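**Student:** I have a structure here, written as structure tokens, and I will follow up with some questions on it.
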There are 2 protein chains.
Amino acid sequence: MIKLDRADVALLEALQVNCRLTSEELSEIAHLSPTACQRRLKRLRAEGVIEADISVVSPKAVGRQITMIVLVSLERERVDIVDRFKAAIRDTREVMIGYYVTGDADFILVITARDMEGYEQFTRRFFYENPDIKGFKTMVVMDRVKAGFAFPIDVD
Amino acid sequence: MIKLDRADVALLEALQVNCRLTSEELSEIAHLSPTACQRRLKRLRAEGVIEADISVVSPKAVGRQITMIVLVSLERERVDIVDRFKAAIRDTREVMIGYYVTGDADFILVITARDMEGYEQFTRRFFYENPDIKGFKTMVVMDRVKAGFAFPIDVD
DNA sequence: ATTGTTACGCAGGATTTATGCATATTGGAC
DNA sequence: GTCCAATATGCATAAATCCTGCGTAACAAT
């Protein structure tokens, strides 16, 4: 785990919400000069603390009308099967989020599709044609109440 | 739904992965001048197609060792109760993602905590003390296989 | 205390973004 | 098809922002 001071935390919390802030704006938040802020960000990105800087696109605005939560159970929890499914998740662009979990299912996925027909086609390709999968259960997202990855960060 | 041409799509798909690309880099992707790319992004942001530009921070790197998926069931599916819980989701920073869903549960949440103790404290505050909640079920995330919001976008 | 390392702020250069203008393209009416 | 208004484009340039080098300050170890 990386050692973070108060300024790092302030920067990270701000950037989790808006990563297009200028160094000037960040300097006000972190109480450092703009240059120091830049350097810290450079370090935080190099160290993998900041994993990515991404734009969140509204699925609905671009024609992806449905979002599905899918609980997936595998035939067996063997390492090779798990790893194979992890790779499938990473290689499949319709899968926005994929977590390997304990509990009711082995994996939980968040998937977008144009419509139900699109989702059905996806299930055919991704689930039914995959012999590693024992079953899956779908929940339709009716409202993306909150979609982000921001969380509170504590000073070390 | 917003009308998107090939260039818009190329831009959006690139920015879903990396929103720190320069206009020059984007111009190569979209086959437009850098200025035109800037204008398109300005429009896409103004129209809400791009909802946010965010940095994804590694929870583990900053001491948030556990991520939980929580299925929440409400006492009743009355509008006021649902809206109240949606507001609670939005107001609670530990909740990174919150979807209102059909199926086994009413809501599905993604929550980070420092450790099990931190998660327990959170459940006390957020679930047990909320009379609107009938029950909740937790799944521990063992591997954040894929965490992002990128999906494929079709040309209109 | 000293010393070495790391981080800082400042100044200035390099790069990127924003803006205004002229021109090109597109969409709608006929 | 033509014509015209609206919209989008690329270019040039101004403004803003980022990056780098340097000297100094701060910190950690002894």
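Ordering of the structure tokens sets the chain letters (A, B, ...), residue numbers begin anew at 1 in every chain, and ligands are numbered from 1 in the order given.
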Give me, as a tab-separated table (two decimals) with N, CA, C and O atoms (P, O5', C5', C4', C3', O3' and C1' of nucleotides), in the first residue's frame, the contact residues of chain D against chain B at a cut-off of 10 Å, counting only C-alpha atoms (C1' of nucleotides).
**Tutor:**
```tsv
chain	number	residue	atom	x	y	z
D	8	DA	P	-23.42	21.41	-36.12
D	8	DA	O5'	-22.11	21.15	-36.97
D	8	DA	C5'	-22.18	20.32	-38.13
D	8	DA	C4'	-20.85	20.36	-38.85
D	8	DA	C3'	-19.64	20.26	-37.91
D	8	DA	O3'	-18.79	19.25	-38.41
D	8	DA	C1'	-19.46	22.19	-39.30
D	9	DT	P	-17.41	18.97	-37.72
D	9	DT	O5'	-16.37	19.67	-38.68
D	9	DT	C5'	-16.38	19.34	-40.08
D	9	DT	C4'	-15.43	20.25	-40.80
D	9	DT	C3'	-14.06	20.33	-40.15
D	9	DT	O3'	-13.15	19.54	-40.89
D	9	DT	C1'	-14.88	22.50	-40.78
D	10	DG	P	-11.69	19.28	-40.28
D	10	DG	O5'	-10.84	20.52	-40.81
D	10	DG	C5'	-10.75	20.77	-42.20
D	10	DG	C4'	-9.90	21.99	-42.45
D	10	DG	C3'	-8.54	21.98	-41.73
D	10	DG	O3'	-7.60	22.57	-42.61
D	10	DG	C1'	-9.81	23.83	-40.98
D	11	DC	P	-6.05	22.61	-42.22
D	11	DC	O5'	-5.82	24.18	-41.99
D	11	DC	C5'	-6.27	25.10	-42.99
D	11	DC	C4'	-6.03	26.51	-42.51
D	11	DC	C3'	-4.69	26.68	-41.79
D	11	DC	O3'	-4.05	27.83	-42.33
D	11	DC	C1'	-6.48	27.44	-40.41
```
**Student:** Could you fit chain B onto chain A with a least-squares superposition over all C-alpha atoms, matched one to one in order, and give me the transformed chain as a CSV table (one decimal) with N, CA and C atoms, in the first residue's frame?
**Tutor:**
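Writing done, so here's out-v6.csv:
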```
chain,number,residue,atom,x,y,z
B,1,MET,N,0.8,-1.2,0.0
B,1,MET,CA,0.0,0.0,0.0
B,1,MET,C,0.8,1.3,0.0
B,2,ILE,N,0.4,2.2,-0.8
B,2,ILE,CA,1.1,3.4,-1.0
B,2,ILE,C,0.9,4.4,0.1
B,3,LYS,N,2.0,5.1,0.5
B,3,LYS,CA,1.8,6.1,1.6
B,3,LYS,C,1.2,7.4,1.0
B,4,LEU,N,0.1,7.8,1.5
B,4,LEU,CA,-0.5,9.1,1.0
B,4,LEU,C,-0.6,10.1,2.1
B,5,ASP,N,-0.3,11.3,1.8
B,5,ASP,CA,-0.5,12.4,2.7
B,5,ASP,C,-1.8,13.1,2.4
B,6,ARG,N,-2.0,14.1,3.2
B,6,ARG,CA,-3.3,14.9,3.1
B,6,ARG,C,-3.5,15.4,1.7
B,7,ALA,N,-2.4,15.9,1.1
B,7,ALA,CA,-2.5,16.5,-0.2
B,7,ALA,C,-2.8,15.5,-1.3
B,8,ASP,N,-2.2,14.3,-1.2
B,8,ASP,CA,-2.5,13.2,-2.1
B,8,ASP,C,-4.0,12.9,-2.0
B,9,VAL,N,-4.4,12.8,-0.8
B,9,VAL,CA,-5.8,12.4,-0.6
B,9,VAL,C,-6.8,13.4,-1.2
B,10,ALA,N,-6.5,14.7,-1.0
B,10,ALA,CA,-7.3,15.7,-1.5
B,10,ALA,C,-7.4,15.7,-3.1
B,11,LEU,N,-6.2,15.4,-3.6
B,11,LEU,CA,-6.1,15.3,-5.1
B,11,LEU,C,-6.9,14.2,-5.6
B,12,LEU,N,-6.7,13.0,-5.0
B,12,LEU,CA,-7.4,11.8,-5.5
B,12,LEU,C,-8.9,12.0,-5.3
B,13,GLU,N,-9.4,12.5,-4.2
B,13,GLU,CA,-10.8,12.6,-4.1
B,13,GLU,C,-11.4,13.6,-5.1
B,14,ALA,N,-10.7,14.7,-5.4
B,14,ALA,CA,-11.2,15.6,-6.4
B,14,ALA,C,-11.2,15.0,-7.8
B,15,LEU,N,-10.1,14.2,-8.1
B,15,LEU,CA,-10.0,13.6,-9.4
B,15,LEU,C,-11.0,12.5,-9.7
B,16,GLN,N,-11.4,11.8,-8.6
B,16,GLN,CA,-12.4,10.8,-8.7
B,16,GLN,C,-13.7,11.4,-9.3
B,17,VAL,N,-13.9,12.6,-9.0
B,17,VAL,CA,-15.2,13.3,-9.5
B,17,VAL,C,-15.0,14.0,-10.8
B,18,ASN,N,-13.8,14.6,-11.0
B,18,ASN,CA,-13.5,15.3,-12.2
B,18,ASN,C,-12.1,15.3,-12.5
B,19,CYS,N,-11.6,14.6,-13.5
B,19,CYS,CA,-10.2,14.5,-13.8
B,19,CYS,C,-9.8,15.5,-14.8
B,20,ARG,N,-10.6,16.4,-15.1
B,20,ARG,CA,-10.2,17.5,-16.1
B,20,ARG,C,-9.9,18.8,-15.4
B,21,LEU,N,-9.7,18.8,-14.1
B,21,LEU,CA,-9.3,20.0,-13.4
B,21,LEU,C,-7.9,20.4,-13.8
B,22,THR,N,-7.6,21.7,-13.9
B,22,THR,CA,-6.3,22.1,-14.2
B,22,THR,C,-5.4,22.1,-12.9
B,23,SER,N,-4.1,22.2,-13.2
B,23,SER,CA,-3.2,22.1,-12.0
B,23,SER,C,-3.4,23.3,-11.1
B,24,GLU,N,-3.9,24.4,-11.7
B,24,GLU,CA,-4.2,25.6,-10.9
B,24,GLU,C,-5.4,25.3,-9.9
B,25,GLU,N,-6.4,24.7,-10.5
B,25,GLU,CA,-7.5,24.3,-9.6
B,25,GLU,C,-7.1,23.3,-8.6
B,26,LEU,N,-6.3,22.3,-9.0
B,26,LEU,CA,-5.9,21.3,-8.0
B,26,LEU,C,-5.0,21.9,-6.9
B,27,SER,N,-4.2,22.9,-7.3
B,27,SER,CA,-3.3,23.5,-6.3
B,27,SER,C,-4.2,24.2,-5.2
B,28,GLU,N,-5.3,24.7,-5.5
B,28,GLU,CA,-6.2,25.3,-4.5
B,28,GLU,C,-6.8,24.2,-3.6
B,29,ILE,N,-7.0,23.1,-4.2
B,29,ILE,CA,-7.6,22.0,-3.4
B,29,ILE,C,-6.6,21.4,-2.5
B,30,ALA,N,-5.3,21.2,-3.0
B,30,ALA,CA,-4.3,20.5,-2.2
B,30,ALA,C,-3.4,21.4,-1.4
B,31,HIS,N,-3.5,22.7,-1.6
B,31,HIS,CA,-2.7,23.7,-1.0
B,31,HIS,C,-1.2,23.4,-1.3
B,32,LEU,N,-0.9,23.2,-2.5
B,32,LEU,CA,0.5,23.1,-3.0
B,32,LEU,C,0.5,23.9,-4.3
B,33,SER,N,1.7,24.1,-4.8
B,33,SER,CA,1.8,24.8,-6.1
B,33,SER,C,1.3,23.9,-7.2
B,34,PRO,N,0.9,24.6,-8.3
B,34,PRO,CA,0.5,23.7,-9.5
B,34,PRO,C,1.5,22.7,-9.9
B,35,THR,N,2.8,23.1,-9.9
B,35,THR,CA,3.8,22.2,-10.3
B,35,THR,C,3.9,20.9,-9.4
B,36,ALA,N,3.8,21.2,-8.1
B,36,ALA,CA,3.8,20.0,-7.2
B,36,ALA,C,2.6,19.1,-7.4
B,37,CYS,N,1.5,19.7,-7.7
B,37,CYS,CA,0.3,18.9,-8.0
B,37,CYS,C,0.5,18.0,-9.2
B,38,GLN,N,1.1,18.6,-10.2
B,38,GLN,CA,1.4,17.8,-11.4
B,38,GLN,C,2.3,16.6,-11.1
B,39,ARG,N,3.3,16.9,-10.4
B,39,ARG,CA,4.3,15.9,-10.1
B,39,ARG,C,3.6,14.7,-9.3
B,40,ARG,N,2.8,15.1,-8.4
B,40,ARG,CA,2.1,14.1,-7.5
B,40,ARG,C,1.2,13.2,-8.4
B,41,LEU,N,0.5,13.9,-9.3
B,41,LEU,CA,-0.3,13.1,-10.2
B,41,LEU,C,0.5,12.2,-11.1
B,42,LYS,N,1.6,12.7,-11.5
B,42,LYS,CA,2.5,11.9,-12.4
B,42,LYS,C,2.9,10.6,-11.6
B,43,ARG,N,3.2,10.9,-10.3
B,43,ARG,CA,3.7,9.7,-9.5
B,43,ARG,C,2.5,8.8,-9.2
B,44,LEU,N,1.4,9.3,-8.9
B,44,LEU,CA,0.2,8.5,-8.5
B,44,LEU,C,-0.2,7.6,-9.7
B,45,ARG,N,-0.1,8.2,-10.9
B,45,ARG,CA,-0.4,7.4,-12.1
B,45,ARG,C,0.6,6.4,-12.4
B,46,ALA,N,1.9,6.7,-12.2
B,46,ALA,CA,3.0,5.8,-12.4
B,46,ALA,C,2.9,4.6,-11.5
B,47,GLU,N,2.5,4.9,-10.3
B,47,GLU,CA,2.4,3.8,-9.2
B,47,GLU,C,1.1,3.0,-9.3
B,48,GLY,N,0.2,3.4,-10.2
B,48,GLY,CA,-1.0,2.6,-10.3
B,48,GLY,C,-2.1,3.0,-9.3
B,49,VAL,N,-1.8,4.0,-8.5
B,49,VAL,CA,-2.9,4.4,-7.6
B,49,VAL,C,-4.1,4.9,-8.5
B,50,ILE,N,-3.7,5.8,-9.4
B,50,ILE,CA,-4.8,6.1,-10.4
B,50,ILE,C,-4.6,5.1,-11.6
B,51,GLU,N,-5.6,4.3,-11.7
B,51,GLU,CA,-5.5,3.2,-12.6
B,51,GLU,C,-5.9,3.6,-14.1
B,52,ALA,N,-6.8,4.6,-14.1
B,52,ALA,CA,-7.2,5.1,-15.5
B,52,ALA,C,-7.9,6.4,-15.3
B,53,ASP,N,-8.0,7.1,-16.4
B,53,ASP,CA,-8.7,8.4,-16.5
B,53,ASP,C,-9.7,8.1,-17.7
B,54,ILE,N,-11.0,8.1,-17.3
B,54,ILE,CA,-11.9,7.7,-18.3
B,54,ILE,C,-13.1,8.7,-18.4
B,55,SER,N,-13.7,8.7,-19.6
B,55,SER,CA,-15.0,9.4,-19.7
B,55,SER,C,-16.1,8.5,-19.5
B,56,VAL,N,-17.1,8.9,-18.8
B,56,VAL,CA,-18.3,8.0,-18.5
B,56,VAL,C,-19.3,8.5,-19.6
B,57,VAL,N,-19.7,7.6,-20.4
B,57,VAL,CA,-20.6,7.9,-21.5
B,57,VAL,C,-22.0,7.4,-21.1
B,58,SER,N,-23.0,8.2,-21.3
B,58,SER,CA,-24.4,7.8,-21.0
B,58,SER,C,-24.8,6.7,-21.9
B,59,PRO,N,-25.1,5.5,-21.5
B,59,PRO,CA,-25.5,4.4,-22.4
B,59,PRO,C,-26.8,4.8,-23.1
B,60,LYS,N,-27.7,5.3,-22.4
B,60,LYS,CA,-29.0,5.7,-23.1
B,60,LYS,C,-28.8,6.7,-24.2
B,61,ALA,N,-27.9,7.7,-23.9
B,61,ALA,CA,-27.7,8.7,-24.9
B,61,ALA,C,-27.2,8.2,-26.2
B,62,VAL,N,-26.5,7.1,-26.2
B,62,VAL,CA,-25.9,6.5,-27.4
B,62,VAL,C,-26.6,5.2,-27.8
B,63,GLY,N,-27.9,5.0,-27.4
B,63,GLY,CA,-28.7,3.9,-27.9
B,63,GLY,C,-28.6,2.6,-27.2
B,64,ARG,N,-27.9,2.6,-26.1
B,64,ARG,CA,-27.8,1.4,-25.3
B,64,ARG,C,-28.9,1.5,-24.2
B,65,GLN,N,-30.1,1.0,-24.5
B,65,GLN,CA,-31.2,1.3,-23.7
B,65,GLN,C,-31.3,0.5,-22.4
B,66,ILE,N,-30.6,-0.7,-22.4
B,66,ILE,CA,-30.7,-1.5,-21.3
B,66,ILE,C,-29.3,-1.9,-20.7
B,67,THR,N,-29.4,-1.9,-19.4
B,67,THR,CA,-28.2,-2.4,-18.6
B,67,THR,C,-28.7,-3.5,-17.8
B,68,MET,N,-27.9,-4.6,-17.8
B,68,MET,CA,-28.2,-5.8,-17.0
B,68,MET,C,-27.2,-6.1,-16.0
B,69,ILE,N,-27.6,-6.6,-14.9
B,69,ILE,CA,-26.7,-7.2,-13.9
B,69,ILE,C,-26.9,-8.7,-14.0
B,70,VAL,N,-25.8,-9.4,-14.2
B,70,VAL,CA,-25.9,-10.8,-14.4
B,70,VAL,C,-25.1,-11.6,-13.3
B,71,LEU,N,-25.7,-12.5,-12.6
B,71,LEU,CA,-25.0,-13.4,-11.7
B,71,LEU,C,-24.7,-14.7,-12.4
B,72,VAL,N,-23.4,-15.0,-12.5
B,72,VAL,CA,-23.0,-16.1,-13.3
B,72,VAL,C,-22.4,-17.2,-12.3
B,73,SER,N,-22.8,-18.5,-12.6
B,73,SER,CA,-22.3,-19.6,-11.9
B,73,SER,C,-21.5,-20.5,-12.8
B,74,LEU,N,-20.3,-20.9,-12.5
B,74,LEU,CA,-19.5,-21.8,-13.3
B,74,LEU,C,-19.8,-23.2,-13.0
B,75,GLU,N,-19.5,-24.1,-14.0
B,75,GLU,CA,-19.6,-25.5,-13.8
B,75,GLU,C,-18.8,-26.0,-12.6
B,76,ARG,N,-17.6,-25.5,-12.5
B,76,ARG,CA,-16.8,-25.9,-11.3
B,76,ARG,C,-15.9,-24.7,-11.0
B,77,GLU,N,-15.4,-24.6,-9.8
B,77,GLU,CA,-14.5,-23.5,-9.5
B,77,GLU,C,-13.1,-24.0,-9.6
B,78,ARG,N,-12.7,-24.4,-10.7
B,78,ARG,CA,-11.3,-24.8,-11.0
B,78,ARG,C,-10.6,-23.6,-11.5
B,79,VAL,N,-9.3,-23.5,-11.1
B,79,VAL,CA,-8.5,-22.4,-11.5
B,79,VAL,C,-8.5,-22.1,-13.0
B,80,ASP,N,-8.4,-23.1,-13.8
B,80,ASP,CA,-8.3,-22.9,-15.3
B,80,ASP,C,-9.7,-22.3,-15.8
B,81,ILE,N,-10.7,-22.9,-15.2
B,81,ILE,CA,-12.1,-22.4,-15.7
B,81,ILE,C,-12.3,-20.9,-15.3
B,82,VAL,N,-11.9,-20.7,-14.0
B,82,VAL,CA,-12.1,-19.3,-13.5
B,82,VAL,C,-11.2,-18.3,-14.4
B,83,ASP,N,-10.0,-18.7,-14.6
B,83,ASP,CA,-9.1,-17.8,-15.4
B,83,ASP,C,-9.6,-17.6,-16.8
B,84,ARG,N,-10.2,-18.7,-17.3
B,84,ARG,CA,-10.7,-18.6,-18.7
B,84,ARG,C,-11.9,-17.6,-18.7
B,85,PHE,N,-12.7,-17.7,-17.7
B,85,PHE,CA,-13.9,-16.8,-17.7
B,85,PHE,C,-13.4,-15.3,-17.5
B,86,LYS,N,-12.4,-15.2,-16.6
B,86,LYS,CA,-11.9,-13.8,-16.4
B,86,LYS,C,-11.4,-13.2,-17.7
B,87,ALA,N,-10.7,-14.0,-18.4
B,87,ALA,CA,-10.2,-13.5,-19.7
B,87,ALA,C,-11.3,-13.2,-20.7
B,88,ALA,N,-12.4,-14.0,-20.6
B,88,ALA,CA,-13.5,-13.7,-21.5
B,88,ALA,C,-14.2,-12.4,-21.1
B,89,ILE,N,-14.3,-12.1,-19.8
B,89,ILE,CA,-14.8,-10.9,-19.3
B,89,ILE,C,-14.0,-9.7,-19.9
B,90,ARG,N,-12.7,-9.8,-19.8
B,90,ARG,CA,-11.8,-8.7,-20.2
B,90,ARG,C,-11.9,-8.5,-21.7
B,91,ASP,N,-12.1,-9.6,-22.5
B,91,ASP,CA,-12.1,-9.5,-23.9
B,91,ASP,C,-13.4,-9.1,-24.5
B,92,THR,N,-14.4,-8.9,-23.7
B,92,THR,CA,-15.8,-8.7,-24.2
B,92,THR,C,-16.2,-7.3,-23.8
B,93,ARG,N,-16.3,-6.5,-24.9
B,93,ARG,CA,-16.6,-5.1,-24.6
B,93,ARG,C,-17.9,-4.7,-24.1
B,94,GLU,N,-18.9,-5.6,-24.3
B,94,GLU,CA,-20.2,-5.4,-23.7
B,94,GLU,C,-20.2,-5.5,-22.2
B,95,VAL,N,-19.3,-6.2,-21.7
B,95,VAL,CA,-19.2,-6.3,-20.2
B,95,VAL,C,-18.4,-5.1,-19.7
B,96,MET,N,-19.1,-4.3,-19.0
B,96,MET,CA,-18.4,-3.1,-18.5
B,96,MET,C,-17.7,-3.4,-17.2
B,97,ILE,N,-18.4,-4.1,-16.4
B,97,ILE,CA,-17.8,-4.4,-15.1
B,97,ILE,C,-17.9,-5.9,-14.9
B,98,GLY,N,-16.9,-6.5,-14.3
B,98,GLY,CA,-16.9,-7.9,-13.9
B,98,GLY,C,-16.2,-8.2,-12.6
B,99,TYR,N,-16.9,-8.7,-11.6
B,99,TYR,CA,-16.2,-9.0,-10.4
B,99,TYR,C,-16.3,-10.5,-10.1
B,100,TYR,N,-15.3,-11.0,-9.6
B,100,TYR,CA,-15.2,-12.4,-9.1
B,100,TYR,C,-15.6,-12.4,-7.6
B,101,VAL,N,-16.7,-13.1,-7.3
B,101,VAL,CA,-17.3,-12.9,-5.9
B,101,VAL,C,-17.5,-14.2,-5.2
B,102,THR,N,-17.7,-14.1,-3.9
B,102,THR,CA,-18.2,-15.2,-3.1
B,102,THR,C,-19.7,-15.0,-3.0
B,103,GLY,N,-20.4,-16.1,-2.6
B,103,GLY,CA,-21.8,-16.0,-2.3
B,103,GLY,C,-22.7,-16.7,-3.3
B,104,ASP,N,-23.8,-16.1,-3.6
B,104,ASP,CA,-24.8,-16.8,-4.5
B,104,ASP,C,-24.3,-17.1,-5.9
B,105,ALA,N,-23.2,-16.4,-6.3
B,105,ALA,CA,-22.7,-16.6,-7.7
B,105,ALA,C,-21.2,-16.6,-7.7
B,106,ASP,N,-20.6,-16.9,-8.8
B,106,ASP,CA,-19.2,-16.9,-8.9
B,106,ASP,C,-18.7,-15.5,-9.5
B,107,PHE,N,-19.5,-15.0,-10.4
B,107,PHE,CA,-19.2,-13.7,-11.0
B,107,PHE,C,-20.4,-12.8,-11.0
B,108,ILE,N,-20.2,-11.5,-11.0
B,108,ILE,CA,-21.3,-10.6,-11.2
B,108,ILE,C,-20.8,-9.6,-12.3
B,109,LEU,N,-21.7,-9.5,-13.3
B,109,LEU,CA,-21.3,-8.7,-14.5
B,109,LEU,C,-22.3,-7.5,-14.7
B,110,VAL,N,-21.8,-6.5,-15.2
B,110,VAL,CA,-22.7,-5.4,-15.6
B,110,VAL,C,-22.5,-5.3,-17.2
B,111,ILE,N,-23.6,-5.4,-17.9
B,111,ILE,CA,-23.6,-5.5,-19.3
B,111,ILE,C,-24.6,-4.5,-19.9
B,112,THR,N,-24.2,-3.9,-21.0
B,112,THR,CA,-25.2,-3.0,-21.7
B,112,THR,C,-25.5,-3.6,-23.0
B,113,ALA,N,-26.7,-3.3,-23.5
B,113,ALA,CA,-27.2,-3.8,-24.8
B,113,ALA,C,-28.1,-2.7,-25.4
B,114,ARG,N,-28.3,-2.8,-26.7
B,114,ARG,CA,-29.1,-1.8,-27.4
B,114,ARG,C,-30.6,-2.0,-27.0
B,115,ASP,N,-31.0,-3.3,-26.9
B,115,ASP,CA,-32.4,-3.6,-26.6
B,115,ASP,C,-32.4,-5.1,-26.1
B,116,MET,N,-33.6,-5.6,-25.9
B,116,MET,CA,-33.7,-7.0,-25.4
B,116,MET,C,-33.1,-8.0,-26.5
B,117,GLU,N,-33.4,-7.6,-27.7
B,117,GLU,CA,-32.9,-8.5,-28.8
B,117,GLU,C,-31.4,-8.6,-28.7
B,118,GLY,N,-30.8,-7.4,-28.6
B,118,GLY,CA,-29.3,-7.4,-28.5
B,118,GLY,C,-28.8,-8.1,-27.3
B,119,TYR,N,-29.5,-8.0,-26.2
B,119,TYR,CA,-29.1,-8.7,-25.0
B,119,TYR,C,-29.2,-10.2,-25.2
B,120,GLU,N,-30.3,-10.7,-25.9
B,120,GLU,CA,-30.5,-12.1,-26.1
B,120,GLU,C,-29.3,-12.6,-27.0
B,121,GLN,N,-29.0,-11.9,-28.0
B,121,GLN,CA,-27.9,-12.3,-28.9
B,121,GLN,C,-26.6,-12.4,-28.1
B,122,PHE,N,-26.4,-11.4,-27.2
B,122,PHE,CA,-25.2,-11.5,-26.3
B,122,PHE,C,-25.2,-12.7,-25.5
B,123,THR,N,-26.4,-13.0,-24.8
B,123,THR,CA,-26.4,-14.2,-24.0
B,123,THR,C,-26.1,-15.5,-24.8
B,124,ARG,N,-26.6,-15.5,-26.0
B,124,ARG,CA,-26.3,-16.7,-26.8
B,124,ARG,C,-24.9,-16.9,-27.0
B,125,ARG,N,-24.2,-15.8,-27.4
B,125,ARG,CA,-22.8,-15.9,-27.7
B,125,ARG,C,-22.0,-16.1,-26.4
B,126,PHE,N,-22.3,-15.3,-25.4
B,126,PHE,CA,-21.4,-15.3,-24.2
B,126,PHE,C,-21.7,-16.3,-23.2
B,127,PHE,N,-22.9,-16.7,-23.0
B,127,PHE,CA,-23.3,-17.6,-22.0
B,127,PHE,C,-23.6,-19.0,-22.5
B,128,TYR,N,-24.6,-19.1,-23.4
B,128,TYR,CA,-25.0,-20.4,-23.8
B,128,TYR,C,-24.0,-21.2,-24.6
B,129,GLU,N,-23.1,-20.5,-25.3
B,129,GLU,CA,-22.1,-21.2,-26.0
B,129,GLU,C,-20.8,-21.4,-25.2
B,130,ASN,N,-20.9,-21.1,-24.0
B,130,ASN,CA,-19.7,-21.3,-23.1
B,130,ASN,C,-19.9,-22.5,-22.2
B,131,PRO,N,-19.3,-23.6,-22.4
B,131,PRO,CA,-19.5,-24.8,-21.6
B,131,PRO,C,-19.1,-24.7,-20.2
B,132,ASP,N,-18.3,-23.7,-19.9
B,132,ASP,CA,-17.8,-23.5,-18.5
B,132,ASP,C,-18.9,-23.0,-17.6
B,133,ILE,N,-20.0,-22.5,-18.2
B,133,ILE,CA,-21.0,-21.8,-17.4
B,133,ILE,C,-22.2,-22.7,-17.1
B,134,LYS,N,-22.5,-22.9,-15.8
B,134,LYS,CA,-23.6,-23.7,-15.4
B,134,LYS,C,-24.9,-22.9,-15.5
B,135,GLY,N,-24.9,-21.7,-15.1
B,135,GLY,CA,-26.1,-20.9,-15.2
B,135,GLY,C,-25.9,-19.4,-15.0
B,136,PHE,N,-26.9,-18.7,-15.3
B,136,PHE,CA,-26.8,-17.2,-15.0
B,136,PHE,C,-28.1,-16.7,-14.7
B,137,LYS,N,-28.2,-15.6,-14.0
B,137,LYS,CA,-29.4,-15.0,-13.6
B,137,LYS,C,-29.3,-13.5,-13.9
B,138,THR,N,-30.3,-13.0,-14.5
B,138,THR,CA,-30.3,-11.6,-15.0
B,138,THR,C,-31.2,-10.7,-14.2
B,139,MET,N,-30.7,-9.5,-13.8
B,139,MET,CA,-31.5,-8.5,-13.2
B,139,MET,C,-31.5,-7.3,-14.1
B,140,VAL,N,-32.6,-6.7,-14.5
B,140,VAL,CA,-32.7,-5.6,-15.3
B,140,VAL,C,-32.5,-4.3,-14.5
B,141,VAL,N,-31.6,-3.5,-15.0
B,141,VAL,CA,-31.4,-2.2,-14.3
B,141,VAL,C,-32.5,-1.2,-14.7
B,142,MET,N,-33.3,-0.7,-13.8
B,142,MET,CA,-34.3,0.2,-14.1
B,142,MET,C,-33.8,1.7,-14.0
B,143,ASP,N,-32.8,1.9,-13.1
B,143,ASP,CA,-32.3,3.2,-12.9
B,143,ASP,C,-30.9,3.1,-12.5
B,144,ARG,N,-30.0,3.7,-13.2
B,144,ARG,CA,-28.6,3.9,-12.9
B,144,ARG,C,-28.5,5.0,-11.8
B,145,VAL,N,-28.8,4.7,-10.6
B,145,VAL,CA,-28.9,5.7,-9.6
B,145,VAL,C,-27.6,6.4,-9.4
B,146,LYS,N,-26.5,5.6,-9.4
B,146,LYS,CA,-25.2,6.2,-9.2
B,146,LYS,C,-24.2,5.3,-9.9
B,147,ALA,N,-23.5,5.9,-10.8
B,147,ALA,CA,-22.5,5.1,-11.6
B,147,ALA,C,-21.2,5.8,-11.6
B,148,GLY,N,-20.3,5.3,-10.8
B,148,GLY,CA,-18.9,5.9,-10.7
B,148,GLY,C,-18.0,5.0,-9.9
B,149,PHE,N,-16.9,5.4,-9.7
B,149,PHE,CA,-15.9,4.6,-8.9
B,149,PHE,C,-15.4,5.4,-7.7
B,150,ALA,N,-16.0,6.5,-7.4
B,150,ALA,CA,-15.4,7.4,-6.3
B,150,ALA,C,-15.8,6.8,-5.0
B,151,PHE,N,-14.8,6.8,-4.1
B,151,PHE,CA,-15.0,6.4,-2.7
B,151,PHE,C,-14.2,7.3,-1.8
B,152,PRO,N,-14.5,7.4,-0.5
B,152,PRO,CA,-13.7,8.2,0.4
B,152,PRO,C,-12.3,7.6,0.6
B,153,ILE,N,-11.3,8.5,0.7
B,153,ILE,CA,-9.9,8.0,0.9
B,153,ILE,C,-9.4,8.6,2.2
B,154,ASP,N,-8.8,7.7,3.0
B,154,ASP,CA,-8.3,8.1,4.3
B,154,ASP,C,-6.8,8.5,4.2
B,155,VAL,N,-6.4,9.5,5.0
B,155,VAL,CA,-5.0,9.8,5.1
B,155,VAL,C,-4.3,8.7,5.9
B,156,ASP,N,-3.1,8.3,5.5
B,156,ASP,CA,-2.4,7.2,6.2
B,156,ASP,C,-1.8,7.7,7.5
```
**Student:** Please tabulate, as a Markdown table, the residues of chain C that come within 9 Å of chain B, each with its closest pair of atoms and the distance in Å to one decimal, counting only C-alpha atoms (C1' of nucleotides) and ordering rows by chain, then residue number upward.
**Tutor:**
```
| residue | atom | partner | partner_atom | distance |
| --- | --- | --- | --- | --- |
| C:DT16 | C1' | B:Thr22 | CA | 7.3 |
| C:DT17 | C1' | B:Gln38 | CA | 8.2 |
| C:DA18 | C1' | B:Thr35 | CA | 9.0 |
```
**Student:** When you look at DT5 of chain C with a cut-off of 12 Å (counting only C-alpha atoms (C1' of nucleotides)), what residues show up, excluding the ones that are within fewer than 6 positions of it in the same chain? I need them as a list in words.
**Tutor:**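 The residues that qualify are DA26, DC27, DA28 and DA29 of chain D.
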**Student:** Considering only C-alpha atoms (C1' of nucleotides), return as a PyMOL selection string whatever protein or nucleic-acid residues lie within 12 Å of DA29 of chain C, sequence-local ones (same chain, fewer than 4 positions apart) excluded.
**Tutor:** chain D and resi 2-5
**Student:** Tell me, which residues of segment 48-91 of chain A carry DSSP strand (DSSP E or B), written as a count of residues only?
**Tutor:** 17
**Student:** So how far away is atom C1' of DT13 of chain D from atom C1' of DT25 of chain C, in Å?
**Tutor:** 24.5 Å
